[in-house]
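Undergrad: Following this message is one structure expressed as structure tokens.
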Amino acid sequence: MAFIRKKQQEQQLQLYSKERFSLLLLNLEEYYFEQHRANHILHKGSHHERKIRGSLKICSKSVIFESDSISQPIIKIPLRDCIKIGKHGENGANRHFTKAKSGGISLIFSQVYFIKEHNVVAPYKIERGKMEYVFELDVPGKVEDVVETLLQLHRASCLDKLGDQTAMITAILQSRLARTSFDKNRFQNISEKLHMECKAEMVTPLVTNPGHVCITDTNLYFQPLNGYPKPVVQITLQDVRRIYKRRHGLMPLGLEVFCTEDDLCSDIYLKFYEPQDRDDLYFYIATYLEHHVAEHTAESYMLQWQRGHLSNYQYLLHLNNLADRSCNDLSQYPVFPWIIHDYSSSELDLSNPGTFRDLSKPVGALNKERLERLLTRYQEMPEPKFMYGSHYSSPGYVLFYLVRIAPEYMLCLQNGRFDNADRMFNSIAETWKNCLDGATDFKELIPEFYGDDVSFLVNSLKLDLGKRQGGQMVDDVELPPWASSPEDFLQKSKDALESNYVSEHLHEWIDLIFGYKQKGSDAIGAHNVFHPLTYEGGVDLNSIQDPDEKVAMLTQILEFGQTPKQLFVTPHPRRITPKFKSLSQTSSYNASMADSPVSPGEESFEDLTEESKTLAWNNITKLQLHEHYKIHKEAVTGITVSRNGSSVFTTSQDSTLKMFSKESKMLQRSISFSNMALSSCLLLPGDATVITSSWDNNVYFYSIAFGRRQDTLMGHDDAVSKICWHDNRLYSASWDSTVKVWSGVPAEMPGTKRHHFDLLAELEHDVSVDTISLNAASTLLVSGTKEGTVNIWDLTTATLMHQIPCHSGIVCDTAFSPDSRHVLSTGADGCLNVIDVQTGMLISSMTSDEPQRCFVWDGNSVLSGSQSGELLVWDLLGAKISERIQGHTGAVTCIWMNEQCSSIITGGEDRQIIFWKLQY
């Protein structure tokens, strides 16, 4: 999992350096500057004098000596505990050193830490009392510089105010960085061209390491100031798959680079000193990536998840990434939900809703009695009010779960100590119970609970984590009765996360953590209010003048926990889950058949149709121009085809309806109803009547059998732009700002009697309506206006469900997905927008450099006709244009596709209709 992978990467780097030393031995916010080979002289000048060989490391708040022998402990001397620092044997009052043969540095101090004796990870041992240690450098000439550096850092450590300490150490660090630069000899190739170089810090959990960043036309480099854990970290730009701007320490200074598509573990996380440096480097990498991979938004991932192309786990992984959560930053570690409520049964029943936690509530609101106590306190609290005094994710909580695989991180966070044995992560059930009942415990889970690596549940390092009050030692995590092993526990946790119940309710938890219930009145209503400092923008550090207050505030925020960046401001749509269970999921064959919506015979026919559609869309990029005919004098505006495919009917701005025989390849009829443009056409069931809409405000009915106009509906006050028909109902859209619904009772014998029309509903708009479309069941209608608004209407009540202003110009075309869950719209602004029907949320938006005039789609892929005459194939889930196919010499104005998706005809401004062939 994420943290385990990150730890393995760091261990590989440490193998490179062959050291027991780690940056985790430093205090939080401490820097490691330099190291010198040296001897630790014991009993200097006596008969018992002996030397311990090792490395002396100069850090911003301490001196660390790492012995070459693993039996010896690592020694850490805090600079603030030093009484005197100087050359060995020299009068402490004389600071003007003279050349000496001795390379000895003397430290007199009151406290020392002993760490990793015999290379065992354990709480630090502390020795107190006045002591003197002498370190003899291999290079005597370095002594003077080292002593001067130590005295300078000692002065910083002894300053009264924390803000002053931080400022002085920062000044020392910046001075060192300014005196050095990236070593160009480290380039992989002498022909590399330098784009940019700047100062930055490499971020790993609890640690930042200063150095220089360099980007060339082929590589990204980071060179640590201290050469640790290796002289240079290099990433090939060609390997980069994703990059994210990060908020680090509440400031827009972070950048994380991934060379993987689906992983929480990045390859490098950089923190810059200036936002402009961060943005410039992001630009260089993004420009390189542009031709390789499209940047995904939360909405595009949402679309993939909704349609089943991403698992619940993968979707949460991506949302965490987009919300600034990173396994390199424990204050913003990825957050995953508690899913299971039952930790006492011997069997885990994932078909029982009672097995699961209520995902619509935050952890703090799951226990009714506790919530009532918290609400009482909340009501009495002065502003700013908050419901919970602790967060659901913080460095302490992350390491609570991971102490068995990351003990050094816990020791670093807690100044060399483990937590009290009874407060450790001892039992899954116990931890869940405390989250339900504890007065201050509201923590969620981490991704490791849904991964494959069980090591965080097992004390494989045989750590001494203490003894509980009952006398038992803290060892492996106690599992619930339904888990036979750690592997079984993780597998069942993963099964629970991907279960139908969670798929149907996960959007409710996303609303709380990443969505609209995160802040404001919706958060209050959902009992989801945390301390104001935990929210992005909750405090402006730049506005705090007092350096002490600023440092204290930042420390408090980082340790307390941070709410993820808000990704959604409207309700998150639910996942599209299968309506009927498969045979394997049902208890009996009969139950499955009872649930089935169609008879077995019809089902097999449906399967064939679906197979045809899938095959066609899988090959849509291989579309080839087959035949083309110029049959009109102006732009083609509509195409409809008889059920047997033999007759093609087209309308045009030349005011004619034409009937073309696909078999004889001849124009058979040309009909004119008025001298104004026709805007669309459709065939009524039975293929006996063609309906056309006209700019002269009318809808015309043409009888094919009798070869004459059968009827005219004078229904609008301006041009009719689009018509639809379903189940004896006509839907007409007009530039008079209405969509009208008519009951159209057909004549008993086509051509003999007129239709009788009753106006059933009038859907009012503010401006001209340019396009409409029905969903498969004709219960919903979508309309697009000339001012860029998409409207979704409920036809059963003739009410407006959603009004979405999502285009900057005319909406050219709209259509529901086959399952009616989404609406796609194209506009004169070149945008393709996907809207969730349930919530009205714009969940995906892709752009092209020209208007897309018309399209067909299957919910995942789109075939659109563009202003230039090209057909574009869009992969909505991959957020990219897959193919450009040359077709018309002017804009593609209309497109028709048969039910099996095997036959495609387009019409254009070039007056042509083109028949396309799919290459299987």
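Identifiers in this document derive from the order of the structure tokens: chains are assigned A, B, ..., residues are numbered from 1 separately in each chain, and ligands are numbered from 1 in order of occurrence.
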DSSP says strand (DSSP E or B) for which residues of segment 37-203 of chain A? Put them as a PyMOL selection string?
TA: chain A and resi 37-42+50-59+62-67+74-78+82-87+104-115+125-137+194-203
Undergrad: Mind dumping a table of every segment 262-376 of chain A residue within 6 Å of segment 242-258 of chain A, with the nearest atom pair and its distance in Å to one decimal, using only C-alpha atoms, sorted by chain and rising number, as a Markdown table?
TA:
| residue | atom | partner | partner_atom | distance |
| --- | --- | --- | --- | --- |
| A:Ser266 | CA | A:Phe258 | CA | 4.6 |
| A:Asp267 | CA | A:Phe258 | CA | 5.3 |
| A:Ile268 | CA | A:Val257 | CA | 5.5 |
| A:Tyr269 | CA | A:Glu256 | CA | 4.3 |
| A:Leu270 | CA | A:Leu255 | CA | 5.2 |
| A:Lys271 | CA | A:Gly254 | CA | 4.4 |
| A:Phe272 | CA | A:Leu253 | CA | 5.2 |
| A:Pro275 | CA | A:Leu253 | CA | 5.2 |
| A:Asp324 | CA | A:Arg246 | CA | 5.5 |
Undergrad: Just write the chosen residues, all heavy atoms, as a short mmCIF file (atom, residue, chain, number, x, y, z; two decimals), in the first residue's frame.
TA:
data_model
loop_
_atom_site.label_atom_id
_atom_site.label_comp_id
_atom_site.auth_asym_id
_atom_site.auth_seq_id
_atom_site.Cartn_x
_atom_site.Cartn_y
_atom_site.Cartn_z
N SER A 266 3.86 8.46 -4.96
CA SER A 266 4.50 9.28 -5.99
C SER A 266 5.99 8.97 -6.08
O SER A 266 6.55 8.29 -5.22
CB SER A 266 4.30 10.76 -5.69
OG SER A 266 5.02 11.11 -4.53
N ASP A 267 6.61 9.50 -7.12
CA ASP A 267 8.05 9.29 -7.30
C ASP A 267 8.86 10.42 -6.69
O ASP A 267 10.01 10.23 -6.33
CB ASP A 267 8.35 9.14 -8.79
CG ASP A 267 7.78 7.83 -9.32
OD1 ASP A 267 6.57 7.75 -9.56
OD2 ASP A 267 8.55 6.87 -9.43
N ILE A 268 8.28 11.60 -6.61
CA ILE A 268 8.96 12.70 -5.90
C ILE A 268 7.92 13.76 -5.53
O ILE A 268 6.96 13.99 -6.26
CB ILE A 268 10.09 13.32 -6.76
CG1 ILE A 268 11.00 14.20 -5.89
CG2 ILE A 268 9.55 14.11 -7.93
CD1 ILE A 268 12.31 14.60 -6.57
N TYR A 269 8.11 14.33 -4.35
CA TYR A 269 7.27 15.42 -3.87
C TYR A 269 8.23 16.57 -3.54
O TYR A 269 9.14 16.41 -2.74
CB TYR A 269 6.52 14.97 -2.62
CG TYR A 269 5.48 15.94 -2.07
CD1 TYR A 269 4.26 15.48 -1.62
CD2 TYR A 269 5.71 17.31 -1.97
CE1 TYR A 269 3.29 16.33 -1.09
CE2 TYR A 269 4.76 18.18 -1.45
CZ TYR A 269 3.56 17.67 -1.01
OH TYR A 269 2.61 18.53 -0.49
N LEU A 270 8.02 17.70 -4.20
CA LEU A 270 8.90 18.85 -4.01
C LEU A 270 8.14 20.01 -3.37
O LEU A 270 6.98 20.26 -3.72
CB LEU A 270 9.48 19.30 -5.35
CG LEU A 270 10.38 18.29 -6.06
CD1 LEU A 270 10.66 18.73 -7.49
CD2 LEU A 270 11.69 18.09 -5.30
N LYS A 271 8.79 20.69 -2.46
CA LYS A 271 8.23 21.90 -1.86
C LYS A 271 9.16 23.06 -2.23
O LYS A 271 10.37 23.00 -1.99
CB LYS A 271 8.15 21.76 -0.34
CG LYS A 271 7.75 23.05 0.36
CD LYS A 271 8.11 22.99 1.85
CE LYS A 271 8.00 24.34 2.49
NZ LYS A 271 8.52 24.33 3.87
N PHE A 272 8.59 24.09 -2.85
CA PHE A 272 9.38 25.23 -3.32
C PHE A 272 9.29 26.39 -2.31
O PHE A 272 8.41 26.42 -1.46
CB PHE A 272 8.88 25.67 -4.70
CG PHE A 272 9.08 24.60 -5.75
CD1 PHE A 272 8.17 23.55 -5.88
CD2 PHE A 272 10.16 24.63 -6.60
CE1 PHE A 272 8.35 22.56 -6.82
CE2 PHE A 272 10.35 23.64 -7.56
CZ PHE A 272 9.45 22.60 -7.66
N PRO A 275 5.99 30.36 -4.86
CA PRO A 275 4.93 29.77 -5.69
C PRO A 275 5.22 29.83 -7.18
O PRO A 275 4.87 28.93 -7.93
CB PRO A 275 3.69 30.61 -5.34
CG PRO A 275 3.97 31.19 -3.98
CD PRO A 275 5.46 31.39 -3.94
N ASP A 324 -5.35 17.05 -2.64
CA ASP A 324 -4.09 17.36 -1.96
C ASP A 324 -3.65 16.33 -0.93
O ASP A 324 -2.76 16.59 -0.13
CB ASP A 324 -4.13 18.75 -1.29
CG ASP A 324 -3.79 19.86 -2.26
OD1 ASP A 324 -3.23 19.55 -3.32
OD2 ASP A 324 -4.09 21.02 -1.97
#
Undergrad: At what distance in Å, to one decimal, does atom CA of Ile126 of chain A lie from atom CA of Asp164 of chain A?
TA: 27.4 Å
Undergrad: Within 9 Å of segment 48-59 of chain A, counting only C-alpha atoms, which residues qualify if same-chain residues fewer than 6 places away don't, as number ranges by chain?
TA: A: 26, 30-42, 65-69, 72, 135, 137, 146, 149-150, 153
Undergrad: Take atom CA of Ser845 of chain A and atom CA of Gly809 of chain A and report the distance between them in Å, one decimal.
TA: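 Interatomic distance, atom CA of Ser845 of chain A to atom CA of Gly809 of chain A: 14.8 Å.
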Undergrad: Quick one: residues within 7 Å of Leu759 of chain A, only C-alpha atoms, excluding same-chain residues fewer than 3 positions away - as a list in words?
TA: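 Using only C-alpha atoms, the neighbours found are Val741, Trp742 and Ser743 of chain A.
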Undergrad: Counting only C-alpha atoms, figure out which residue out of A:Met714, A:Cys265, A:Ala178, A:Met302 gets nearest to Lys199 of chain A.
TA: A:Ala178
Undergrad: For His822 of chain A, please output as a PyMOL selection string all residues within 7 Å (counting only C-alpha atoms; exclusion window: fewer than 3 positions along the same chain).
TA: chain A and resi 816-817+834-837
Undergrad: Could you please take those selected residues and save C-alpha atoms as a compact mmCIF listing (two decimals), in the first residue's frame?
TA:
# COMPACT_ATOMS: atom_id res chain seq x y z
CA PHE A 816 -29.18 11.35 -23.05
CA SER A 817 -26.89 8.39 -22.52
CA VAL A 834 -21.42 15.63 -19.49
CA ILE A 835 -24.16 16.38 -16.94
CA ASP A 836 -25.45 14.01 -14.27
CA VAL A 837 -29.23 13.77 -14.64
